[in-house]
file upload05.cif (mmCIF, C-alpha atoms)
data_query
#
loop_
_atom_site.label_atom_id
_atom_site.label_comp_id
_atom_site.auth_asym_id
_atom_site.auth_seq_id
_atom_site.Cartn_x
_atom_site.Cartn_y
_atom_site.Cartn_z
CA MET A 35 -19.04 -27.44 -4.47
CA THR A 36 -17.65 -27.38 -7.96
CA ASP A 37 -14.65 -25.39 -8.97
CA SER A 38 -15.45 -22.52 -11.29
CA ALA A 39 -19.13 -22.69 -10.44
CA PRO A 40 -20.92 -20.12 -12.56
CA SER A 41 -23.06 -19.15 -9.60
CA SER A 42 -20.03 -17.99 -7.61
CA ARG A 43 -19.52 -14.29 -7.20
CA SER A 44 -18.28 -12.62 -10.31
CA ALA A 45 -14.95 -10.85 -10.47
CA LYS A 46 -16.86 -7.58 -10.69
CA ASP A 47 -18.59 -8.32 -7.40
CA GLU A 48 -15.26 -9.23 -5.89
CA LEU A 49 -13.68 -6.06 -7.19
CA VAL A 50 -15.85 -4.05 -4.82
CA ASP A 51 -14.38 -5.93 -1.85
CA HIS A 52 -10.88 -4.84 -2.84
CA VAL A 53 -11.63 -1.13 -3.14
CA PRO A 54 -10.67 -0.24 0.46
CA ALA A 55 -7.34 -2.04 0.04
CA LEU A 56 -6.81 -0.28 -3.27
CA ARG A 57 -7.35 3.04 -1.51
CA ALA A 58 -4.81 2.18 1.15
CA PHE A 59 -2.28 1.17 -1.48
CA ALA A 60 -3.05 4.29 -3.54
CA LEU A 61 -2.52 6.50 -0.51
CA SER A 62 0.80 4.89 0.26
CA LEU A 63 1.92 5.48 -3.31
CA SER A 64 0.60 8.98 -3.89
CA ARG A 65 0.81 10.26 -0.29
CA ASN A 66 -2.11 12.50 -1.07
CA PRO A 67 -5.72 11.54 -0.26
CA ALA A 68 -7.32 13.32 -3.23
CA THR A 69 -4.81 11.88 -5.68
CA ALA A 70 -5.28 8.46 -4.10
CA ASP A 71 -9.04 8.56 -4.63
CA ASP A 72 -8.57 9.69 -8.24
CA LEU A 73 -6.23 6.76 -8.74
CA VAL A 74 -8.74 4.35 -7.26
CA GLN A 75 -11.52 5.73 -9.43
CA GLU A 76 -9.41 5.33 -12.56
CA THR A 77 -8.41 1.83 -11.49
CA ILE A 78 -12.02 0.78 -10.94
CA LEU A 79 -13.03 2.11 -14.35
CA LYS A 80 -10.12 0.42 -16.11
CA ALA A 81 -10.68 -2.85 -14.31
CA TRP A 82 -14.41 -2.83 -14.92
CA THR A 83 -14.10 -2.16 -18.63
CA ASN A 84 -11.24 -4.64 -19.05
CA MET A 85 -12.67 -7.37 -16.88
CA ASN A 86 -12.88 -9.63 -19.92
CA LYS A 87 -9.07 -9.63 -19.89
CA PHE A 88 -8.95 -10.91 -16.33
CA GLN A 89 -8.51 -14.65 -16.17
CA GLU A 90 -10.96 -16.16 -13.71
CA GLY A 91 -9.17 -18.20 -11.13
CA THR A 92 -6.07 -16.03 -11.14
CA ASN A 93 -5.27 -13.44 -8.54
CA LEU A 94 -7.77 -10.58 -8.83
CA ARG A 95 -6.19 -8.58 -6.04
CA SER A 96 -2.78 -8.64 -7.68
CA TRP A 97 -4.38 -7.76 -11.04
CA LEU A 98 -6.14 -4.73 -9.52
CA PHE A 99 -3.07 -3.56 -7.65
CA THR A 100 -1.07 -3.83 -10.86
CA ILE A 101 -3.58 -1.64 -12.69
CA LEU A 102 -3.46 0.92 -9.91
CA ARG A 103 0.32 0.87 -9.82
CA ASN A 104 0.63 1.29 -13.58
CA THR A 105 -1.90 4.11 -13.49
CA TYR A 106 0.06 5.83 -10.75
CA TYR A 107 3.39 5.62 -12.51
CA SER A 108 2.06 6.74 -15.86
CA SER A 109 0.17 9.70 -14.36
CA ARG A 110 3.17 10.64 -12.26
CA ARG A 111 5.30 10.83 -15.36
CA LYS A 112 2.74 13.17 -16.88
CA LEU A 113 2.25 15.25 -13.76
CA ASN A 114 5.70 15.58 -12.36
CA ARG A 115 5.01 19.08 -11.28
CA GLU A 116 2.54 17.79 -8.70
CA VAL A 117 5.38 16.48 -6.61
CA SER A 118 4.67 19.24 -4.13
CA ASP A 119 1.54 17.26 -3.12
CA SER A 120 3.67 14.98 -1.10
CA ASP A 121 5.27 17.88 0.73
CA GLY A 122 1.86 18.86 1.99
CA PHE A 123 1.30 15.35 3.21
CA HIS A 124 4.63 15.35 5.04
CA ALA A 125 3.99 18.70 6.59
CA ALA A 126 0.55 17.61 7.76
CA GLY A 127 2.03 14.55 9.36
CA LEU A 128 4.88 16.38 11.03
CA SER A 129 2.73 19.15 12.37
CA GLN A 130 0.82 16.78 14.61
CA LYS A 131 1.96 15.92 18.05
CA PRO A 132 3.23 12.40 18.50
CA ASP A 133 1.33 10.17 20.87
CA HIS A 134 2.94 9.37 24.13
CA ASP A 135 1.77 5.85 24.62
CA GLY A 136 5.14 4.23 24.85
CA ARG A 137 5.12 3.15 21.24
CA LEU A 138 6.35 4.70 18.09
CA ALA A 139 4.04 7.56 17.24
CA LEU A 140 2.17 6.54 14.13
CA ASN A 141 2.40 10.08 12.80
CA ASP A 142 6.16 9.98 12.97
CA PHE A 143 6.16 6.61 11.33
CA ALA A 144 3.83 7.83 8.56
CA SER A 145 6.00 10.86 7.92
CA ALA A 146 9.14 8.76 7.71
CA PHE A 147 7.42 6.23 5.50
CA ALA A 148 6.33 9.00 3.13
CA LEU A 149 9.97 9.96 2.66
CA LEU A 150 10.93 6.59 1.22
CA PRO A 151 11.30 6.21 -2.53
CA ASP A 152 8.24 4.91 -4.38
CA GLU A 153 9.58 1.43 -4.96
CA GLN A 154 10.46 0.94 -1.29
CA ARG A 155 7.08 2.23 -0.13
CA GLU A 156 5.19 -0.06 -2.46
CA ALA A 157 7.29 -3.10 -1.54
CA LEU A 158 6.80 -2.47 2.16
CA MET A 159 3.12 -1.74 1.81
CA LEU A 160 2.52 -4.88 -0.21
CA VAL A 161 4.49 -7.35 1.89
CA GLY A 162 4.39 -5.58 5.25
CA ALA A 163 0.80 -4.40 5.39
CA SER A 164 -1.32 -5.87 2.62
CA GLY A 165 -0.34 -9.44 3.32
CA PHE A 166 1.07 -10.11 -0.13
CA SER A 167 3.64 -12.85 -0.40
CA TYR A 168 6.94 -11.77 -1.90
CA GLU A 169 5.96 -13.72 -5.02
CA GLU A 170 2.61 -11.94 -5.27
CA ALA A 171 4.26 -8.55 -4.73
CA ALA A 172 6.84 -9.34 -7.41
CA GLN A 173 4.06 -10.30 -9.80
CA THR A 174 2.20 -7.07 -9.01
CA CYS A 175 5.29 -4.91 -9.53
CA GLY A 176 6.54 -6.85 -12.54
CA CYS A 177 9.93 -7.58 -11.05
CA ALA A 178 11.90 -10.42 -9.50
CA VAL A 179 11.20 -11.72 -6.00
CA GLY A 180 14.74 -10.79 -4.98
CA THR A 181 14.11 -7.21 -6.11
CA ILE A 182 11.06 -6.94 -3.85
CA LYS A 183 13.00 -8.38 -0.92
CA SER A 184 15.84 -6.00 -1.53
CA ARG A 185 13.51 -2.98 -1.79
CA ALA A 186 11.65 -3.98 1.37
CA ASN A 187 14.92 -4.44 3.24
CA ARG A 188 16.29 -1.11 2.08
CA GLY A 189 13.00 0.52 3.04
CA ARG A 190 13.09 -0.95 6.55
CA GLN A 191 16.71 0.07 6.90
CA ARG A 192 15.90 3.61 5.82
CA LEU A 193 12.94 3.79 8.20
CA ALA A 194 15.20 2.72 11.04
CA GLU A 195 17.61 5.52 10.10
CA LEU A 196 14.91 8.15 9.76
CA LEU A 197 13.38 7.19 13.09
CA ASN A 198 16.74 7.02 14.84
CA LEU A 199 16.41 3.34 15.55
CA SER A 200 19.58 1.45 15.93
CA SER A 201 19.55 -2.18 14.94
CA ASP A 202 19.53 -3.41 18.52
CA GLU A 203 16.64 -1.38 19.82
CA GLY A 204 13.01 -1.68 19.14
CA LEU A 205 10.46 0.90 18.15
CA GLU A 206 9.17 1.32 21.67
CA MET A 207 9.94 4.64 23.31
CA THR A 208 11.44 6.05 20.20
CA ASP A 209 9.09 8.72 18.97
CA ARG A 210 10.80 12.02 18.39
CA ALA A 211 9.54 13.63 21.57
CA THR A 212 10.72 10.72 23.68
CA MET A 213 14.08 10.72 21.98
CA ALA A 214 14.38 14.45 22.61
CA VAL A 215 13.73 13.97 26.31
CA MET A 216 16.23 11.15 26.48
CA THR A 217 18.96 13.04 24.68
CA ALA A 218 18.31 16.26 26.61
CA GLN A 219 19.08 14.66 29.99
CA PRO A 220 22.14 16.07 31.65
CA ALA A 221 25.12 13.88 31.00
CA SER A 222 26.10 13.68 34.63
CA LYS A 223 25.64 15.47 37.91
CA GLY A 224 29.24 15.99 38.71
CA MET B 6 9.21 -15.31 5.93
CA ALA B 7 11.73 -17.71 4.60
CA LYS B 8 14.93 -16.36 3.31
CA GLY B 9 15.14 -16.98 -0.37
CA ASN B 10 16.69 -20.30 -1.12
CA ARG B 11 16.46 -19.64 -4.82
CA LYS B 12 19.19 -17.62 -6.35
CA SER B 13 17.51 -17.40 -9.69
CA ASP B 14 17.29 -13.64 -9.60
CA ASN B 15 21.00 -13.23 -8.96
CA LEU B 16 20.40 -10.48 -6.46
CA PRO B 17 21.98 -10.37 -3.06
CA ASP B 18 19.25 -11.61 -0.77
CA ASP B 19 18.51 -9.90 2.52
CA GLN B 20 21.87 -8.23 2.51
CA GLU B 21 20.53 -5.33 4.51
CA SER B 22 17.80 -6.89 6.58
CA VAL B 23 16.97 -5.33 9.91
CA PRO B 24 16.68 -7.48 13.04
CA PRO B 25 13.50 -9.59 13.11
CA GLU B 26 12.02 -7.69 16.06
CA LEU B 27 12.48 -4.36 14.29
CA GLU B 28 10.97 -5.82 11.13
CA ARG B 29 7.99 -7.08 13.12
CA GLN B 30 7.38 -3.67 14.64
CA ILE B 31 7.78 -1.87 11.32
CA ASN B 32 5.26 -4.26 9.81
CA GLU B 33 2.90 -3.65 12.70
CA ASN B 34 3.05 0.10 12.07
CA LEU B 35 2.56 -0.42 8.35
CA ARG B 36 -0.53 -2.51 9.07
CA GLN B 37 -1.87 0.22 11.35
CA LEU B 38 -1.42 2.81 8.62
CA TYR B 39 -3.07 0.49 6.14
CA GLN B 40 -5.88 -0.36 8.52
CA GLN B 41 -6.68 3.32 9.07
CA THR B 42 -7.61 3.63 5.41
CA LEU B 43 -9.41 0.29 5.36
CA ASP B 44 -11.58 1.43 8.25
CA GLU B 45 -12.61 4.63 6.52
CA GLU B 46 -15.88 4.72 4.70
CA LEU B 47 -15.47 5.00 0.96
CA PRO B 48 -15.87 8.58 -0.24
CA ASP B 49 -19.24 9.36 -1.78
CA HIS B 50 -17.94 9.67 -5.32
CA LEU B 51 -16.43 6.18 -5.23
CA GLN B 52 -19.58 4.68 -3.75
CA GLU B 53 -21.58 6.43 -6.43
CA LEU B 54 -19.27 5.17 -9.15
CA LEU B 55 -19.60 1.57 -7.95
CA ARG B 56 -23.36 1.92 -7.71
CA ARG B 57 -23.60 3.25 -11.28
CA LEU B 58 -21.36 0.52 -12.64
CA LYS B 59 -23.45 -2.16 -10.97
CA GLU B 60 -26.66 -0.65 -12.25
CA GLN B 61 -25.25 -0.50 -15.74
CA GLU B 62 -24.24 -4.14 -15.43
CA GLN B 63 -27.71 -5.16 -14.27
CA ASP B 64 -29.31 -3.28 -17.15
CA GLN B 65 -27.05 -5.06 -19.60
CA ASP B 66 -27.86 -8.43 -18.02
CA GLU B 67 -31.58 -7.72 -18.31
CA ASP B 68 -31.19 -6.70 -21.94
CA ARG B 69 -29.41 -9.96 -22.65
CA VAL B 70 -32.25 -11.95 -21.06
CA LYS B 71 -34.92 -10.20 -23.11
#
call {"tool": "encode", "arguments": {"input": "upload05.cif", "output": "structure tokens"}}
result
Amino acid sequence: MTDSAPSSRSAKDELVDHVPALRAFALSLSRNPATADDLVQETILKAWTNMNKFQEGTNLRSWLFTILRNTYYSSRRKLNREVSDSDGFHAAGLSQKPDHDGRLALNDFASAFALLPDEQREALMLVGASGFSYEEAAQTCGCAVGTIKSRANRGRQRLAELLNLSSDEGLEMTDRATMAVMTAQPASKG
Amino acid sequence: MAKGNRKSDNLPDDQESVPPELERQINENLRQLYQQTLDEELPDHLQELLRRLKEQEQDQDEDRVK
């Protein structure tokens, strides 16, 4: 096998493989499924038409995520009035019943996650879910590694606050309904 | 995840980190959220867009060969 074999899959072929991950990242940024898909569509078009600017052998995933991120932030600046989108997303999440499976209800988690500032959500999504290294996430966001670490830490801290998790307890048994039951117990019988 | 041993960015590192177990569980929930979207089928308009782009690419390749 030779490196840079011309017969290997092209970056355009590879781009297709990253589209589901782009959607997940777009949803975490925009918190609105329709906006997320618009973002992905714009990202695909930009990437496809600018593929000649992508350096083969470098990180395609990071390049695509960067395009999506830049697209999101520039469109958000233009469409600030659409902020109410995210309220709909929150409300949808909060209106559903949490699961009672002994673990943190994912709906509660999603609602809390959606309340985090953009930069904390993207840092957590990149390093916590997408499997980016801190270095890769920093490259994608155009900032220092320490900044990503700090944003991710602040995001986790905020999630713990929003979900009423103290530092010495885990996420198990901590969905809102469970917490309500626990706190509603009579203090004592006597 | 190694704590940064470089101080090149001059930022306080991990000054507010949560306990490792909490971090692990937060990450697990993040991955579940992420996975939900990964598992969804791409919406029709995105599939259609990719199909058109590929077709266009093939047409261009064929034109170059001619």
call {"tool": "interface_residues", "arguments": {"input": "upload05.cif", "of": "chain A", "to": "chain B", "cutoff": "6 Å", "atoms": "only C-alpha atoms", "output": "list of chain:residue names"}}
result
A:Pro54, A:Ala58, A:Gly162, A:Ala163, A:Gly180, A:Asn187, A:Gly204
call {"tool": "residues_near_point", "arguments": {"input": "upload05.cif", "point": "(-5.6, 1.2, -9.5)", "cutoff": "8 Å", "atoms": "only C-alpha atoms", "output": "list in words"}}
result
Leu56, Ala60, Leu73, Val74, Gln75, Glu76, Thr77, Ile78, Leu98, Phe99, Thr100, Ile101, Leu102, Arg103, Asn104, Thr105 and Tyr106 of chain A
call {"tool": "atom_distance", "arguments": {"input": "upload05.cif", "atom1": "atom CA of Phe143 of chain A", "atom2": "atom CA of Ser167 of chain A"}}
result
22.9 Å
call {"tool": "residues_around", "arguments": {"input": "upload05.cif", "residues": "segment 149-161 of chain A", "least_positions_apart": "5", "cutoff": "7 Å", "atoms": "only C-alpha atoms", "output": "number ranges by chain"}}
result
A: 59, 62-63, 166-168, 171, 182, 185-186, 189; B: 35
call {"tool": "atom_distance", "arguments": {"input": "upload05.cif", "atom1": "atom CA of Arg65 of chain A", "atom2": "atom CA of Thr83 of chain A"}}
result
26.7 Å
call {"tool": "atom_distance", "arguments": {"input": "upload05.cif", "atom1": "atom CA of Thr174 of chain A", "atom2": "atom CA of Leu94 of chain A"}}
result
10.6 Å
call {"tool": "build_atoms", "arguments": {"input": "upload05.cif", "residues": "segment 56-67 of chain B", "atoms": "all heavy atoms", "output": "PDB file, keeping the file's coordinate frame"}}
result
ATOM      1  N   ARG B  56     -21.911   2.125  -7.570  1.00  0.00           N
ATOM      2  CA  ARG B  56     -23.360   1.920  -7.710  1.00  0.00           C
ATOM      3  C   ARG B  56     -23.777   2.042  -9.175  1.00  0.00           C
ATOM      4  O   ARG B  56     -24.518   1.207  -9.704  1.00  0.00           O
ATOM      5  CB  ARG B  56     -24.110   2.964  -6.854  1.00  0.00           C
ATOM      6  CG  ARG B  56     -25.584   2.685  -6.656  1.00  0.00           C
ATOM      7  CD  ARG B  56     -26.284   3.815  -5.927  1.00  0.00           C
ATOM      8  NE  ARG B  56     -26.180   5.105  -6.615  1.00  0.00           N
ATOM      9  CZ  ARG B  56     -26.840   5.431  -7.722  1.00  0.00           C
ATOM     10  NH1 ARG B  56     -27.669   4.572  -8.271  1.00  0.00           N
ATOM     11  NH2 ARG B  56     -26.666   6.610  -8.284  1.00  0.00           N
ATOM     12  N   ARG B  57     -23.239   3.055  -9.866  1.00  0.00           N
ATOM     13  CA  ARG B  57     -23.600   3.250 -11.280  1.00  0.00           C
ATOM     14  C   ARG B  57     -23.114   2.091 -12.144  1.00  0.00           C
ATOM     15  O   ARG B  57     -23.806   1.626 -13.035  1.00  0.00           O
ATOM     16  CB  ARG B  57     -23.027   4.575 -11.794  1.00  0.00           C
ATOM     17  CG  ARG B  57     -23.931   5.773 -11.486  1.00  0.00           C
ATOM     18  CD  ARG B  57     -23.477   7.022 -12.220  1.00  0.00           C
ATOM     19  NE  ARG B  57     -22.272   7.584 -11.646  1.00  0.00           N
ATOM     20  CZ  ARG B  57     -21.104   7.692 -12.270  1.00  0.00           C
ATOM     21  NH1 ARG B  57     -20.981   7.281 -13.508  1.00  0.00           N
ATOM     22  NH2 ARG B  57     -20.055   8.218 -11.678  1.00  0.00           N
ATOM     23  N   LEU B  58     -21.903   1.638 -11.859  1.00  0.00           N
ATOM     24  CA  LEU B  58     -21.360   0.520 -12.640  1.00  0.00           C
ATOM     25  C   LEU B  58     -22.214  -0.740 -12.463  1.00  0.00           C
ATOM     26  O   LEU B  58     -22.469  -1.482 -13.406  1.00  0.00           O
ATOM     27  CB  LEU B  58     -19.911   0.253 -12.250  1.00  0.00           C
ATOM     28  CG  LEU B  58     -18.887   1.300 -12.694  1.00  0.00           C
ATOM     29  CD1 LEU B  58     -17.529   1.044 -12.048  1.00  0.00           C
ATOM     30  CD2 LEU B  58     -18.748   1.321 -14.212  1.00  0.00           C
ATOM     31  N   LYS B  59     -22.636  -0.961 -11.230  1.00  0.00           N
ATOM     32  CA  LYS B  59     -23.450  -2.160 -10.970  1.00  0.00           C
ATOM     33  C   LYS B  59     -24.810  -2.050 -11.655  1.00  0.00           C
ATOM     34  O   LYS B  59     -25.317  -3.033 -12.197  1.00  0.00           O
ATOM     35  CB  LYS B  59     -23.624  -2.352  -9.454  1.00  0.00           C
ATOM     36  CG  LYS B  59     -22.365  -2.880  -8.798  1.00  0.00           C
ATOM     37  CD  LYS B  59     -22.646  -3.492  -7.461  1.00  0.00           C
ATOM     38  CE  LYS B  59     -22.121  -4.916  -7.473  1.00  0.00           C
ATOM     39  NZ  LYS B  59     -22.421  -5.675  -6.288  1.00  0.00           N
ATOM     40  N   GLU B  60     -25.369  -0.867 -11.593  1.00  0.00           N
ATOM     41  CA  GLU B  60     -26.660  -0.650 -12.250  1.00  0.00           C
ATOM     42  C   GLU B  60     -26.557  -0.896 -13.753  1.00  0.00           C
ATOM     43  O   GLU B  60     -27.389  -1.560 -14.360  1.00  0.00           O
ATOM     44  CB  GLU B  60     -27.135   0.795 -12.012  1.00  0.00           C
ATOM     45  CG  GLU B  60     -27.945   0.944 -10.742  1.00  0.00           C
ATOM     46  CD  GLU B  60     -28.384   2.387 -10.532  1.00  0.00           C
ATOM     47  OE1 GLU B  60     -28.285   3.202 -11.487  1.00  0.00           O
ATOM     48  OE2 GLU B  60     -28.787   2.677  -9.408  1.00  0.00           O
ATOM     49  N   GLN B  61     -25.499  -0.344 -14.301  1.00  0.00           N
ATOM     50  CA  GLN B  61     -25.250  -0.500 -15.740  1.00  0.00           C
ATOM     51  C   GLN B  61     -25.130  -1.999 -16.081  1.00  0.00           C
ATOM     52  O   GLN B  61     -25.687  -2.470 -17.066  1.00  0.00           O
ATOM     53  CB  GLN B  61     -23.936   0.207 -16.052  1.00  0.00           C
ATOM     54  CG  GLN B  61     -23.670   0.514 -17.483  1.00  0.00           C
ATOM     55  CD  GLN B  61     -22.294   1.169 -17.625  1.00  0.00           C
ATOM     56  OE1 GLN B  61     -21.314   0.671 -17.074  1.00  0.00           O
ATOM     57  NE2 GLN B  61     -22.233   2.287 -18.315  1.00  0.00           N
ATOM     58  N   GLU B  62     -24.439  -2.711 -15.222  1.00  0.00           N
ATOM     59  CA  GLU B  62     -24.240  -4.140 -15.430  1.00  0.00           C
ATOM     60  C   GLU B  62     -25.578  -4.891 -15.381  1.00  0.00           C
ATOM     61  O   GLU B  62     -25.864  -5.753 -16.206  1.00  0.00           O
ATOM     62  CB  GLU B  62     -23.305  -4.656 -14.318  1.00  0.00           C
ATOM     63  CG  GLU B  62     -22.872  -6.082 -14.473  1.00  0.00           C
ATOM     64  CD  GLU B  62     -21.755  -6.227 -15.495  1.00  0.00           C
ATOM     65  OE1 GLU B  62     -21.377  -5.223 -16.107  1.00  0.00           O
ATOM     66  OE2 GLU B  62     -21.314  -7.358 -15.686  1.00  0.00           O
ATOM     67  N   GLN B  63     -26.399  -4.515 -14.396  1.00  0.00           N
ATOM     68  CA  GLN B  63     -27.710  -5.160 -14.270  1.00  0.00           C
ATOM     69  C   GLN B  63     -28.583  -4.886 -15.482  1.00  0.00           C
ATOM     70  O   GLN B  63     -29.273  -5.762 -15.985  1.00  0.00           O
ATOM     71  CB  GLN B  63     -28.407  -4.686 -12.986  1.00  0.00           C
ATOM     72  CG  GLN B  63     -27.884  -5.389 -11.741  1.00  0.00           C
ATOM     73  CD  GLN B  63     -28.294  -4.692 -10.457  1.00  0.00           C
ATOM     74  OE1 GLN B  63     -28.959  -3.656 -10.496  1.00  0.00           O
ATOM     75  NE2 GLN B  63     -27.882  -5.235  -9.330  1.00  0.00           N
ATOM     76  N   ASP B  64     -28.523  -3.634 -15.958  1.00  0.00           N
ATOM     77  CA  ASP B  64     -29.310  -3.280 -17.150  1.00  0.00           C
ATOM     78  C   ASP B  64     -28.876  -4.117 -18.344  1.00  0.00           C
ATOM     79  O   ASP B  64     -29.698  -4.613 -19.107  1.00  0.00           O
ATOM     80  CB  ASP B  64     -29.128  -1.782 -17.483  1.00  0.00           C
ATOM     81  CG  ASP B  64     -29.808  -0.900 -16.454  1.00  0.00           C
ATOM     82  OD1 ASP B  64     -30.602  -1.440 -15.652  1.00  0.00           O
ATOM     83  OD2 ASP B  64     -29.528   0.315 -16.435  1.00  0.00           O
ATOM     84  N   GLN B  65     -27.552  -4.265 -18.470  1.00  0.00           N
ATOM     85  CA  GLN B  65     -27.050  -5.060 -19.600  1.00  0.00           C
ATOM     86  C   GLN B  65     -27.475  -6.514 -19.478  1.00  0.00           C
ATOM     87  O   GLN B  65     -27.855  -7.160 -20.453  1.00  0.00           O
ATOM     88  CB  GLN B  65     -25.518  -4.960 -19.672  1.00  0.00           C
ATOM     89  CG  GLN B  65     -25.045  -3.630 -20.228  1.00  0.00           C
ATOM     90  CD  GLN B  65     -23.542  -3.441 -20.088  1.00  0.00           C
ATOM     91  OE1 GLN B  65     -22.856  -4.256 -19.491  1.00  0.00           O
ATOM     92  NE2 GLN B  65     -23.044  -2.336 -20.615  1.00  0.00           N
ATOM     93  N   ASP B  66     -27.439  -7.040 -18.246  1.00  0.00           N
ATOM     94  CA  ASP B  66     -27.860  -8.430 -18.020  1.00  0.00           C
ATOM     95  C   ASP B  66     -29.328  -8.602 -18.402  1.00  0.00           C
ATOM     96  O   ASP B  66     -29.715  -9.585 -19.035  1.00  0.00           O
ATOM     97  CB  ASP B  66     -27.660  -8.823 -16.555  1.00  0.00           C
ATOM     98  CG  ASP B  66     -26.189  -9.055 -16.244  1.00  0.00           C
ATOM     99  OD1 ASP B  66     -25.395  -9.110 -17.203  1.00  0.00           O
ATOM    100  OD2 ASP B  66     -25.846  -9.156 -15.054  1.00  0.00           O
ATOM    101  N   GLU B  67     -30.140  -7.639 -18.005  1.00  0.00           N
ATOM    102  CA  GLU B  67     -31.580  -7.720 -18.310  1.00  0.00           C
ATOM    103  C   GLU B  67     -31.819  -7.664 -19.814  1.00  0.00           C
ATOM    104  O   GLU B  67     -32.650  -8.377 -20.347  1.00  0.00           O
ATOM    105  CB  GLU B  67     -32.321  -6.588 -17.594  1.00  0.00           C
ATOM    106  CG  GLU B  67     -32.525  -6.881 -16.104  1.00  0.00           C
ATOM    107  CD  GLU B  67     -32.987  -5.658 -15.330  1.00  0.00           C
ATOM    108  OE1 GLU B  67     -33.433  -4.683 -15.980  1.00  0.00           O
ATOM    109  OE2 GLU B  67     -32.879  -5.696 -14.100  1.00  0.00           O
TER     110      GLU B  67
END
